[in-house]
file coords_22.csv (CSV, C-alpha atoms)
chain,number,residue,atom,x,y,z
A,10,MET,CA,128.5,120.3,78.0
A,11,ASN,CA,127.7,124.0,78.3
A,12,SER,CA,128.0,125.9,81.6
A,13,LEU,CA,124.2,126.1,82.1
A,14,SER,CA,123.8,122.3,81.7
A,15,HIS,CA,126.7,121.7,84.1
A,16,LYS,CA,125.1,124.1,86.6
A,17,LYS,CA,121.8,122.4,86.4
A,18,ARG,CA,123.4,119.0,86.9
A,19,THR,CA,125.3,120.2,90.0
A,20,ASN,CA,122.3,122.0,91.5
A,21,LEU,CA,120.1,118.9,91.1
A,22,PHE,CA,122.7,116.6,92.7
A,23,ILE,CA,123.1,119.0,95.6
A,24,ILE,CA,119.4,119.3,96.2
A,25,LEU,CA,118.7,115.6,96.0
A,26,SER,CA,121.8,114.7,98.1
A,27,SER,CA,120.7,117.2,100.8
A,28,ILE,CA,117.2,115.7,100.9
A,29,PHE,CA,118.7,112.2,101.1
A,30,LEU,CA,121.3,113.1,103.7
A,31,THR,CA,119.0,115.0,106.0
A,32,ASN,CA,116.3,112.4,106.1
A,33,ALA,CA,118.8,109.4,106.5
A,34,ILE,CA,120.6,111.1,109.4
A,35,LEU,CA,117.4,112.3,111.0
A,36,ALA,CA,115.8,108.8,110.8
A,37,GLU,CA,118.8,107.4,112.7
A,38,ILE,CA,118.5,110.0,115.4
A,39,ILE,CA,114.7,109.8,116.0
A,40,GLY,CA,114.7,106.0,115.5
A,41,VAL,CA,115.1,105.5,119.2
A,42,LYS,CA,111.4,106.2,119.7
A,43,ILE,CA,109.0,103.2,119.1
A,44,PHE,CA,105.4,104.2,118.4
A,45,SER,CA,102.1,102.2,118.0
A,46,GLY,CA,100.9,102.5,114.5
A,47,GLU,CA,97.4,101.3,115.4
A,48,LYS,CA,96.9,103.6,118.4
A,49,THR,CA,98.2,106.5,116.5
A,50,LEU,CA,95.5,105.9,113.9
A,51,GLY,CA,92.9,105.3,116.6
A,52,PHE,CA,92.7,101.5,116.4
A,53,GLU,CA,93.4,98.7,118.9
A,54,PRO,CA,96.6,96.7,118.5
A,55,VAL,CA,96.2,93.7,116.1
A,56,ASN,CA,98.0,91.3,118.5
A,57,TRP,CA,99.3,89.1,115.7
A,58,THR,CA,101.1,85.9,116.8
A,59,PHE,CA,104.2,84.8,115.0
A,60,PHE,CA,105.8,81.4,115.4
A,61,GLY,CA,103.4,80.6,118.1
A,62,GLU,CA,105.3,82.6,120.6
A,63,TYR,CA,105.7,86.3,119.8
A,64,ILE,CA,102.7,88.6,119.9
A,65,LEU,CA,103.4,91.6,117.6
A,66,ASP,CA,101.6,94.8,116.8
A,67,PHE,CA,102.5,97.5,114.3
A,68,ASN,CA,105.0,99.0,116.7
A,69,LEU,CA,107.5,100.9,114.5
A,70,THR,CA,110.6,103.0,115.0
A,71,ALA,CA,109.9,106.7,114.5
A,72,GLY,CA,112.6,106.7,111.8
A,73,ALA,CA,110.4,104.6,109.6
A,74,VAL,CA,108.0,107.5,109.2
A,75,ILE,CA,110.5,109.5,107.0
A,76,TRP,CA,112.6,106.6,105.7
A,77,PRO,CA,110.4,106.2,102.5
A,78,ILE,CA,111.6,109.6,101.5
A,79,VAL,CA,115.1,108.1,101.4
A,80,PHE,CA,113.7,105.3,99.1
A,81,ILE,CA,112.2,107.8,96.7
A,82,THR,CA,115.3,110.1,96.7
A,83,THR,CA,117.6,107.1,96.0
A,84,ASP,CA,115.5,106.1,93.0
A,85,ILE,CA,115.5,109.6,91.6
A,86,ILE,CA,119.3,109.9,92.1
A,87,ASN,CA,119.7,106.5,90.4
A,88,GLU,CA,117.5,107.6,87.5
A,89,TYR,CA,119.6,110.7,86.7
A,90,PHE,CA,123.1,110.0,88.1
A,91,GLY,CA,123.2,106.2,88.1
A,92,LYS,CA,125.1,103.9,90.3
A,93,LYS,CA,128.0,106.3,90.8
A,94,GLY,CA,125.7,109.0,92.1
A,95,VAL,CA,123.9,106.8,94.6
A,96,ARG,CA,127.1,105.1,95.8
A,97,LYS,CA,128.8,108.5,96.3
A,98,ILE,CA,126.0,110.0,98.5
A,99,SER,CA,125.5,106.6,100.3
A,100,PHE,CA,129.1,106.4,101.5
A,101,ILE,CA,129.1,110.1,102.4
A,102,THR,CA,125.9,109.6,104.4
A,103,ALA,CA,127.3,106.5,106.2
A,104,GLY,CA,130.4,108.4,107.2
A,105,LEU,CA,128.3,111.3,108.5
A,106,ILE,CA,126.0,108.9,110.4
A,107,ALA,CA,129.0,107.4,112.1
A,108,TYR,CA,130.2,110.9,112.9
A,109,VAL,CA,126.9,111.8,114.5
A,110,PHE,CA,127.0,108.6,116.6
A,111,LEU,CA,130.5,109.5,117.7
A,112,VAL,CA,129.6,113.0,118.7
A,113,ILE,CA,126.6,111.9,120.6
A,114,SER,CA,128.6,109.2,122.4
A,115,LEU,CA,131.1,111.9,123.5
A,116,VAL,CA,128.5,114.5,124.7
A,117,THR,CA,126.6,112.0,126.7
A,118,VAL,CA,129.6,111.5,129.0
A,119,LEU,CA,130.0,115.2,129.7
A,120,VAL,CA,129.3,116.1,133.3
A,121,PRO,CA,126.0,118.0,133.4
A,122,ALA,CA,125.9,121.5,135.0
A,123,ASP,CA,124.2,121.6,138.4
A,124,PHE,CA,121.8,124.4,137.5
A,125,TRP,CA,120.6,122.5,134.4
A,126,LEU,CA,119.8,119.5,136.6
A,127,GLU,CA,118.0,121.7,139.2
A,128,VAL,CA,115.8,123.7,136.8
A,129,ASN,CA,114.7,120.5,135.1
A,130,ALA,CA,114.4,118.4,138.3
A,131,THR,CA,110.6,118.3,138.3
A,132,ALA,CA,108.2,116.9,135.7
A,133,PRO,CA,104.9,118.7,134.9
A,134,ASP,CA,103.0,116.3,137.3
A,135,GLY,CA,105.4,117.2,140.2
A,136,SER,CA,107.4,114.0,140.2
A,137,SER,CA,111.2,114.1,140.2
A,138,PHE,CA,112.9,114.0,136.8
A,139,ASP,CA,116.5,113.3,135.9
A,140,ILE,CA,117.0,115.2,132.6
A,141,ASN,CA,120.6,114.0,132.1
A,142,TYR,CA,119.4,110.4,132.4
A,143,ALA,CA,116.6,111.1,129.9
A,144,PHE,CA,119.0,112.8,127.5
A,145,ASN,CA,121.5,109.9,127.6
A,146,THR,CA,118.7,107.3,127.3
A,147,ILE,CA,117.2,109.0,124.2
A,148,PHE,CA,120.4,109.8,122.3
A,149,ARG,CA,122.8,107.0,123.2
A,150,GLN,CA,122.5,103.8,121.1
A,151,GLY,CA,124.3,100.5,121.6
A,152,LEU,CA,127.3,99.5,119.5
A,153,GLY,CA,125.2,96.7,118.0
A,154,ILE,CA,122.5,99.0,116.8
A,155,ILE,CA,125.1,101.4,115.3
A,156,ILE,CA,126.9,98.6,113.4
A,157,GLY,CA,123.7,97.0,112.3
A,158,SER,CA,122.2,100.3,111.1
A,159,LEU,CA,125.3,101.3,109.0
A,160,THR,CA,125.7,97.8,107.6
A,161,ALA,CA,122.0,97.5,106.6
A,162,PHE,CA,122.0,101.1,105.2
A,163,LEU,CA,125.0,100.5,102.9
A,164,LEU,CA,124.0,97.0,101.9
A,165,GLY,CA,120.5,98.1,101.2
A,166,GLN,CA,121.6,101.1,99.1
A,167,LEU,CA,124.0,99.0,97.0
A,168,ILE,CA,121.4,96.3,96.3
A,169,ASP,CA,118.8,98.9,95.5
A,170,VAL,CA,120.9,100.6,92.9
A,171,PHE,CA,121.9,97.3,91.3
A,172,VAL,CA,118.3,96.0,91.0
A,173,PHE,CA,117.1,99.4,89.8
A,174,GLN,CA,119.6,99.4,87.0
A,175,LYS,CA,118.9,95.8,86.0
A,176,LEU,CA,115.2,96.5,85.8
A,177,ARG,CA,115.9,99.7,83.8
A,178,ALA,CA,117.9,97.7,81.3
A,179,VAL,CA,114.7,95.7,80.7
A,180,THR,CA,112.1,98.4,80.8
A,181,GLY,CA,114.0,101.3,79.3
A,182,PRO,CA,112.9,104.8,80.3
A,183,LYS,CA,109.3,103.6,80.8
A,184,MET,CA,107.7,101.9,83.8
A,185,ILE,CA,109.4,104.0,86.5
A,186,TRP,CA,107.0,102.4,89.1
A,187,LEU,CA,108.3,98.9,88.3
A,188,ARG,CA,112.0,99.6,88.8
A,189,ALA,CA,111.3,101.8,91.9
A,190,THR,CA,109.1,99.3,93.7
A,191,GLY,CA,111.1,96.3,92.4
A,192,SER,CA,114.4,97.7,93.8
A,193,THR,CA,112.7,98.6,97.1
A,194,PHE,CA,111.1,95.2,97.3
A,195,VAL,CA,114.5,93.5,97.3
A,196,SER,CA,116.7,96.0,99.1
A,197,GLN,CA,114.3,96.7,102.0
A,198,PHE,CA,113.9,93.0,102.6
A,199,ILE,CA,117.6,92.8,103.2
A,200,ASP,CA,117.7,96.0,105.2
A,201,SER,CA,114.8,95.0,107.5
A,202,PHE,CA,116.5,91.8,108.6
A,203,VAL,CA,120.1,92.7,108.5
A,204,VAL,CA,119.8,95.6,111.0
A,205,LEU,CA,117.8,93.5,113.5
A,206,GLY,CA,120.0,90.4,113.0
A,207,ILE,CA,123.2,92.3,113.8
A,208,ALA,CA,121.8,94.6,116.5
A,209,PHE,CA,119.7,92.1,118.5
A,210,TYR,CA,120.8,88.6,117.4
A,211,VAL,CA,124.6,89.0,117.0
A,212,PHE,CA,125.1,91.7,119.6
A,213,GLY,CA,121.9,91.2,121.6
A,214,ASN,CA,119.9,88.4,123.2
A,215,TRP,CA,117.0,87.9,120.7
A,216,GLU,CA,116.2,84.5,119.3
A,217,LEU,CA,116.3,84.1,115.5
A,218,SER,CA,112.5,83.6,115.4
A,219,GLN,CA,112.0,87.0,117.1
A,220,VAL,CA,114.2,88.7,114.6
A,221,LEU,CA,112.2,87.2,111.8
A,222,ALA,CA,108.9,88.2,113.4
A,223,VAL,CA,109.8,91.8,114.0
A,224,GLY,CA,111.6,92.0,110.6
A,225,ILE,CA,108.4,91.0,108.8
A,226,ILE,CA,106.4,93.8,110.4
A,227,ASN,CA,109.1,96.4,109.5
A,228,TYR,CA,109.2,95.0,105.9
A,229,ILE,CA,105.5,95.1,105.5
A,230,TYR,CA,105.4,98.7,106.5
A,231,LYS,CA,108.3,99.9,104.4
A,232,PHE,CA,107.2,98.2,101.2
A,233,THR,CA,103.5,99.2,101.6
A,234,VAL,CA,104.5,102.9,102.1
A,235,ALA,CA,106.9,102.7,99.2
A,236,ILE,CA,104.1,101.6,96.9
A,237,ALA,CA,101.7,104.2,98.3
A,238,LEU,CA,104.3,107.0,97.6
A,239,THR,CA,104.9,105.9,94.0
A,240,PRO,CA,102.9,108.9,92.6
A,241,LEU,CA,105.3,111.2,94.4
A,242,LEU,CA,108.1,109.6,92.4
A,243,TYR,CA,106.4,110.6,89.2
A,244,VAL,CA,105.8,114.2,90.5
A,245,GLY,CA,109.5,114.4,91.3
A,246,HIS,CA,110.4,113.2,87.8
A,247,GLY,CA,108.1,115.7,86.2
A,248,LEU,CA,109.6,118.7,88.2
A,249,ILE,CA,113.1,117.6,87.5
A,250,ASP,CA,112.5,117.1,83.7
A,251,ARG,CA,110.9,120.5,83.5
A,252,TYR,CA,113.9,122.0,85.3
A,253,LEU,CA,116.6,120.2,83.2
A,254,GLY,CA,114.8,120.4,79.9
A,255,LYS,CA,113.9,117.4,77.8
A,256,GLU,CA,117.2,117.1,76.0
A,257,LEU,CA,119.4,117.3,79.1
A,258,ALA,CA,117.1,115.0,81.1
A,259,GLU,CA,117.2,112.3,78.5
A,260,GLU,CA,121.0,112.6,78.2
A,261,MET,CA,121.5,112.2,81.9
A,262,MET,CA,119.1,109.2,82.2
A,263,THR,CA,120.9,107.5,79.2
A,264,GLU,CA,124.3,108.0,80.9
A,265,ALA,CA,122.9,106.8,84.2
A,266,SER,CA,121.6,103.6,82.7
A,267,GLU,CA,124.9,102.5,81.1
A,268,ASP,CA,126.7,101.2,84.2
A,269,THR,CA,124.9,98.1,85.6
A,270,ALA,CA,127.7,96.6,87.6
A,271,PHE,CA,127.1,95.9,91.3
A,272,LEU,CA,130.1,98.1,92.5
call {"tool": "encode", "arguments": {"input": "coords_22.csv", "output": "structure tokens"}}
result
Amino acid sequence: MNSLSHKKRTNLFIILSSIFLTNAILAEIIGVKIFSGEKTLGFEPVNWTFFGEYILDFNLTAGAVIWPIVFITTDIINEYFGKKGVRKISFITAGLIAYVFLVISLVTVLVPADFWLEVNATAPDGSSFDINYAFNTIFRQGLGIIIGSLTAFLLGQLIDVFVFQKLRAVTGPKMIWLRATGSTFVSQFIDSFVVLGIAFYVFGNWELSQVLAVGIINYIYKFTVAIALTPLLYVGHGLIDRYLGKELAEEMMTEASEDTAFL
């Protein structure tokens, strides 16, 4: 391998890893906000009833908005760097997410300065406001959510790369859409229910039926958006192939497709 090819490989992995890492960590931080998908789009809540007990709307975590970018980046890394590339960035990201949660847990116990509380003691409508309570409420997440998020993230990534490679062995270099959506279909099904099961069933007080009901809504959204963004996957492939050159791109994709083991 000449120095130019090595430089292009390295640059590509750094860029893709940075996109993956930034969006994965950001999704975990902003995920504390739950928004109404229907009201955001100007519609009334659907008020679906699941299991005859739980009325659910498309209320989603804000992290779900950018999570599809993680799906796409995972598939592109898988396409050019294979299982080893995805596994490497996934474990690095999981470690950094844990680090972020640790730092946030530490800073939320710091005693706030009096002047900071005073200058932020009033809301725009004149009512009293406790900014330290708001800060801690927004950033602090429970142990169950942290464990659930990390477990679901790693499990989802490992399953995604495994299914992607198995489908690639069948389709060859063609049908990118099939292996991308196929791997997402399986991995996000696992991800959607694992995080809720651990966070709210094992560590929380939800019933199993409620976990299933909320998990279905999350899964519908994730898979639907993943399909809708498939054209973006092709755009990314086109740009990368142009950057690498046809020969190097084909060489990297061939190498990436050779390892189909789960771990």
call {"tool": "residues_around", "arguments": {"input": "coords_22.csv", "residues": "A:Leu164", "least_positions_apart": "5", "cutoff": "10 Å", "atoms": "all atoms listed in the file", "output": "compact mmCIF listing (two decimals) with C-alpha atoms, keeping the file's coordinate frame"}}
result
# COMPACT_ATOMS: atom_id res chain seq x y z
CA SER A 99 125.50 106.60 100.30
CA SER A 158 122.20 100.30 111.10
CA LEU A 159 125.30 101.30 109.00
CA ASP A 169 118.80 98.90 95.50
CA SER A 196 116.70 96.00 99.10
CA GLN A 197 114.30 96.70 102.00
CA ILE A 199 117.60 92.80 103.20
CA ASP A 200 117.70 96.00 105.20
CA VAL A 203 120.10 92.70 108.50
call {"tool": "atom_distance", "arguments": {"input": "coords_22.csv", "atom1": "atom CA of A:Lys92", "atom2": "atom CA of A:Ala265"}}
result
7.1 Å
call {"tool": "atom_distance", "arguments": {"input": "coords_22.csv", "atom1": "atom CA of A:Glu256", "atom2": "atom CA of A:Tyr89"}}
result
12.7 Å
call {"tool": "atom_distance", "arguments": {"input": "coords_22.csv", "atom1": "atom CA of A:Tyr108", "atom2": "atom CA of A:Trp76"}}
result
19.5 Å
call {"tool": "closest_residue", "arguments": {"input": "coords_22.csv", "among": "A:Asn20, A:Leu221, A:Ile236, A:Ile185", "to": "A:Asn87", "atoms": "all atoms listed in the file"}}
result
A:Ile185
call {"tool": "closest_residue", "arguments": {"input": "coords_22.csv", "among": "A:Pro182, A:Val170, A:Glu127, A:Ala132", "to": "A:Glu260", "atoms": "only C-alpha atoms"}}
result
A:Pro182
call {"tool": "residues_near_point", "arguments": {"input": "coords_22.csv", "point": "(125.3, 99.4, 88.0)", "cutoff": "12 Å", "atoms": "all atoms listed in the file", "output": "NGL selection string"}}
result
:A and (87-88 or 90-96 or 166-178 or 264-272)
call {"tool": "residues_around", "arguments": {"input": "coords_22.csv", "residues": "A:Leu238", "least_positions_apart": "4", "cutoff": "10 Å", "atoms": "only C-alpha atoms", "output": "mmCIF file with C-alpha atoms, keeping the file's coordinate frame"}}
result
data_model
loop_
_atom_site.group_PDB
_atom_site.id
_atom_site.type_symbol
_atom_site.label_atom_id
_atom_site.label_comp_id
_atom_site.auth_asym_id
_atom_site.auth_seq_id
_atom_site.Cartn_x
_atom_site.Cartn_y
_atom_site.Cartn_z
ATOM 1 C CA PRO A 77 110.400 106.200 102.500
ATOM 2 C CA ILE A 78 111.600 109.600 101.500
ATOM 3 C CA PHE A 80 113.700 105.300 99.100
ATOM 4 C CA ILE A 81 112.200 107.800 96.700
ATOM 5 C CA THR A 190 109.100 99.300 93.700
ATOM 6 C CA PHE A 232 107.200 98.200 101.200
ATOM 7 C CA THR A 233 103.500 99.200 101.600
ATOM 8 C CA VAL A 234 104.500 102.900 102.100
ATOM 9 C CA LEU A 242 108.100 109.600 92.400
ATOM 10 C CA TYR A 243 106.400 110.600 89.200
#
call {"tool": "residues_around", "arguments": {"input": "coords_22.csv", "residues": "A:Ile140", "least_positions_apart": "3", "cutoff": "8 Å", "atoms": "all atoms listed in the file", "output": "count of residues only"}}
result
5
call {"tool": "closest_residue", "arguments": {"input": "coords_22.csv", "among": "A:Lys231, A:Arg251, A:Lys97, A:Arg149", "to": "A:Val109", "atoms": "all atoms listed in the file"}}
result
A:Arg149
call {"tool": "closest_residue", "arguments": {"input": "coords_22.csv", "among": "A:Ile24, A:Ile101, A:Ala235, A:Val195", "to": "A:Ile86", "atoms": "all atoms listed in the file"}}
result
A:Ile24
call {"tool": "residues_around", "arguments": {"input": "coords_22.csv", "residues": "A:Phe148", "least_positions_apart": "3", "cutoff": "8 Å", "atoms": "all atoms listed in the file", "output": "list of chain:residue names"}}
result
A:Ile38, A:Val41, A:Ile113, A:Thr117, A:Phe144, A:Asn145
call {"tool": "write_last_selection", "arguments": {"input": "coords_22.csv", "atoms": "C-alpha atoms", "output": "short mmCIF file (atom, residue, chain, number, x, y, z; two decimals), in the coordinates of the input"}}
result
data_model
loop_
_atom_site.label_atom_id
_atom_site.label_comp_id
_atom_site.auth_asym_id
_atom_site.auth_seq_id
_atom_site.Cartn_x
_atom_site.Cartn_y
_atom_site.Cartn_z
CA ILE A 38 118.50 110.00 115.40
CA VAL A 41 115.10 105.50 119.20
CA ILE A 113 126.60 111.90 120.60
CA THR A 117 126.60 112.00 126.70
CA PHE A 144 119.00 112.80 127.50
CA ASN A 145 121.50 109.90 127.60
#
call {"tool": "residues_around", "arguments": {"input": "coords_22.csv", "residues": "A:Val128", "least_positions_apart": "3", "cutoff": "12 Å", "atoms": "all atoms listed in the file", "output": "VMD selection string"}}
result
chain A and resid 122 to 125 131 to 132 137 to 141
call {"tool": "residues_near_point", "arguments": {"input": "coords_22.csv", "point": "(109.0, 94.5, 109.1)", "cutoff": "10 Å", "atoms": "all atoms listed in the file", "output": "mmCIF file with C-alpha atoms, keeping the file's coordinate frame"}}
result
data_model
loop_
_atom_site.group_PDB
_atom_site.id
_atom_site.type_symbol
_atom_site.label_atom_id
_atom_site.label_comp_id
_atom_site.auth_asym_id
_atom_site.auth_seq_id
_atom_site.Cartn_x
_atom_site.Cartn_y
_atom_site.Cartn_z
ATOM 1 C CA PHE A 67 102.500 97.500 114.300
ATOM 2 C CA ASN A 68 105.000 99.000 116.700
ATOM 3 C CA LEU A 69 107.500 100.900 114.500
ATOM 4 C CA GLN A 197 114.300 96.700 102.000
ATOM 5 C CA PHE A 198 113.900 93.000 102.600
ATOM 6 C CA ASP A 200 117.700 96.000 105.200
ATOM 7 C CA SER A 201 114.800 95.000 107.500
ATOM 8 C CA PHE A 202 116.500 91.800 108.600
ATOM 9 C CA LEU A 205 117.800 93.500 113.500
ATOM 10 C CA VAL A 220 114.200 88.700 114.600
ATOM 11 C CA LEU A 221 112.200 87.200 111.800
ATOM 12 C CA ALA A 222 108.900 88.200 113.400
ATOM 13 C CA VAL A 223 109.800 91.800 114.000
ATOM 14 C CA GLY A 224 111.600 92.000 110.600
ATOM 15 C CA ILE A 225 108.400 91.000 108.800
ATOM 16 C CA ILE A 226 106.400 93.800 110.400
ATOM 17 C CA ASN A 227 109.100 96.400 109.500
ATOM 18 C CA TYR A 228 109.200 95.000 105.900
ATOM 19 C CA ILE A 229 105.500 95.100 105.500
ATOM 20 C CA TYR A 230 105.400 98.700 106.500
ATOM 21 C CA LYS A 231 108.300 99.900 104.400
ATOM 22 C CA PHE A 232 107.200 98.200 101.200
#
